[in-house]
Structures are given as C-alpha cells and as structure tokens.
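Quick notes on the structure that follows.
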Amino acid sequence: MSVIERVKTGVPGLDEILRGGIPRRNMVLLAGGPGTGKTILGQQFLYHGLMNNEPGIYVALEEHPVQVRINMQQFGWDIRKYEERGEFAIVDAFTAGVGEAAKREKYVCPSPDDFPTLIDLIKQAIKEIDAKRVVVDSVTTLYITKPVVARGIVLQLKKVLSGLGTTSFLVSQVSVTERGFGGPGVEHAADGIIRLDLDEINGKLYRSIIVWKMRGTAHSMSRHPFEITDKGIIIDHEKSLSLGR
Ligand SMILES: Nc1ncnc2c1ncn2[C@@H]1O[C@H](COP(=O)(O)OP(=O)(O)OP(=O)(O)O)[C@@H](O)[C@H]1O
C-alpha cells in the first residue's frame, strides 16, 4: 500500500481529526454560515505553510487586500516578509485596481466576473511563487448570481489547483439555516468538505467543525467544538458536540 502524502493544516486539532492532515493536492470546500471562522481557518492554513517553506496564495474576492493583511496581523500572522521574499501572494479580485493602495497590488483581476482572467492570474501566481497552498475566499462570489456555472467553475479551479500540485481550500458561504455546503455540483466536485458551524444553544453561541468528506483518508466522524482565540482557531479533537438536530 502506498503511503499518502499529507499536508498539515497546522490548525490545532484539525490534523488529528484528519488522521494526519489533508491528502496532498486535495481541493477542499470549507463551508459555513456567516462569521463561522472560514476566513480565519483558511489564513491559518496558509500561514502554517509559510512557516514550513510552503509558499501560498490567498485569492481575495470579498475583502480588500490591505484589510486581509491587517486581519492576519491581528492573529500574529505577519505575511509581509513572505510577500517580500516572493513566498506569499494575494490575488486581488476585489478592488479591480481602483484606489491608490490597489494600484500597488501585483496580481489584480479587473472584475470577479472575468473568470478566465482570474484563472490565468491564479496560474501565474502559483507558478511564480511555486505555491503549495491556495485559499479562494470565497468561491461563492464567483457564481452567486449564476448558479448554473458553479460546477464548471469549480472543476476548472480543480484542474488548475490540483493540476499544479497545490492543496487548496475553497471557502463556500452558506446561509445560517442551510444544511448543505454550497450546492450539489460543487459538493461532488470537491475532494473534501469541512463545515464550520455556529449554533445557539440555551442562549449561547457554540462553534463546531465537522469533516463531511475527505478523499484519500479516514477521518473523525464527530462534530468537534472549537474556539477562535487571538492565535487563531483551536479545535478540541477529543471532545464532540451534539447539536440535537
Ligand atoms: N481575535 C479574535 N478572537 C476571537 N474571535 C475572533 C477574533 N477575531 C474574529 N473573531 C471571530 O471570528 C468571526 C469572523 O470569522 P471569519 O471572518 O473567519 O468568518 P467567516 O466564516 O469567513 O465569515 P463570512 O462568511 O461572514 O465572511 C467574528 O465574527 C468573531 O466572532
């Protein structure tokens, strides 16, 4: 039996849940409602890569690149030096180059609706910095107004992201009440699905994470509680949480 190569997420508790990490080249849907911690988890995954000589790319579709740097800094994830060394890049699909700060970005997509250009930019960035990890935040932005193209977009992303050897997270936004992960086309095309939840129980909000699918490995079948701290996400992989639904 060949031993599968795994990519450590570096998120405390998550590699234990995944029996060692994400199988290399998997493209994983990171699904959840608003404020569940998807962006933070994605950035934590990228930063862990940077600290371990695995260059990374963050595709910003929902937030200004300047804000992305500020947010990461709040968790002590200082990406500036990695950007300067050419080991980390933000692909800016948010500003369309508008504004002084945006003009300084290297990889700028004129519009998030221009998917062919975005794909070319992602390809170029992966090659130039030899990226091993990619986060697209959020992939939902690419097809929210045109759900029929969702599967095609995700399959094209997979061709590029897995094809060029990266292990990736596609952040998928679902509404608070939705049980799914982003639609059938997308859910089946992804190699893995990790869902983050925020549920109110007796007047208090609880965070939890569940790995729904992960091609190439066994994984915990439980829902695990987690916290967001000033150092990022910490999952209690030894505890499980029942939502009673
Ligand atoms: N320093 C911190 N300490 C504790 N919790 C924090 C901290 N910073 C942010 N949070 C929590 O993280 C949440 C935001 O997480 P994140 O941006 O990753 O969510 P998201 O799932 O990407 O949401 P959306 O889909 O709405 O963008 C905040 O609502 C807050 O509850």
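By order of appearance in the structure tokens: chains A, B, ..., then residues from 1 within every chain, and ligands from 1 in the order shown.
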*Spatial neighbours of Ala189 (chain A), 12 Å, only C-alpha atoms, chain gap at least 5 places, as an MDAnalysis selection string*: chainID A and resid 26:29 150:159 170 181:184 213:215
*asked:* At a cut-off of 9 Å, using only C-alpha atoms, what residues contact Trp212 (chain A)? Leave out same-chain residues fewer than 5 positions from it and give the result as number ranges by chain.
replied: A: 192-195, 219, 221
Got time to write the residues from that selection, C-alpha atoms, as a PDB file, in the first residue's frame?
ATOM      1  CA  GLY A 192     -13.170  17.200   0.656  1.00  0.00           C
ATOM      2  CA  ILE A 193     -15.780  19.087   2.635  1.00  0.00           C
ATOM      3  CA  ILE A 194     -15.149  20.676   6.012  1.00  0.00           C
ATOM      4  CA  ARG A 195     -18.043  22.504   7.584  1.00  0.00           C
ATOM      5  CA  HIS A 219     -11.300  10.938   9.389  1.00  0.00           C
ATOM      6  CA  MET A 221     -16.956  11.263  12.075  1.00  0.00           C
TER       7      MET A 221
END
_Cut-off 6 Å, only C-alpha atoms and all ligand atoms, neighbours of ligand 1 as number ranges by chain_ = A: 33-40, 173, 228-230
*Measuring atom to atom with only C-alpha atoms, identify which of A:Val136, A:Leu14, A:Tyr58, A:Glu200 is nearest to Glu83 (chain A).*
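Nearest candidate to Glu83 (chain A) out of A:Val136, A:Leu14, A:Tyr58, A:Glu200: A:Tyr58.
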*asked:* With distances taken over only C-alpha atoms, which residue among A:Leu161, A:Leu46, A:Val211, A:Val98 lies nearest Arg25 (chain A)?
replied: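 Nearest to Arg25 (chain A): A:Leu161.
The two atoms in question, CA of Asp130 (chain A) and CA of Val66 (chain A), are spaced 22.8 Å apart.
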*Using DSSP on the backbone coordinates, identify the residues of region 42-243 of chain A assigned to strand (DSSP E); present them as an MDAnalysis selection string.*
chainID A and resid 56:60 88:92 107:108 133:137 167:173 192:201 204:214 224:229 232:235
*Quick one: pick out all alpha helix (DSSP H) residues within region 47-135 of chain A from a backbone DSSP run and write them as a PyMOL selection string.*
chain A and resi 47-51+65-74+80-84+100-103+115-129
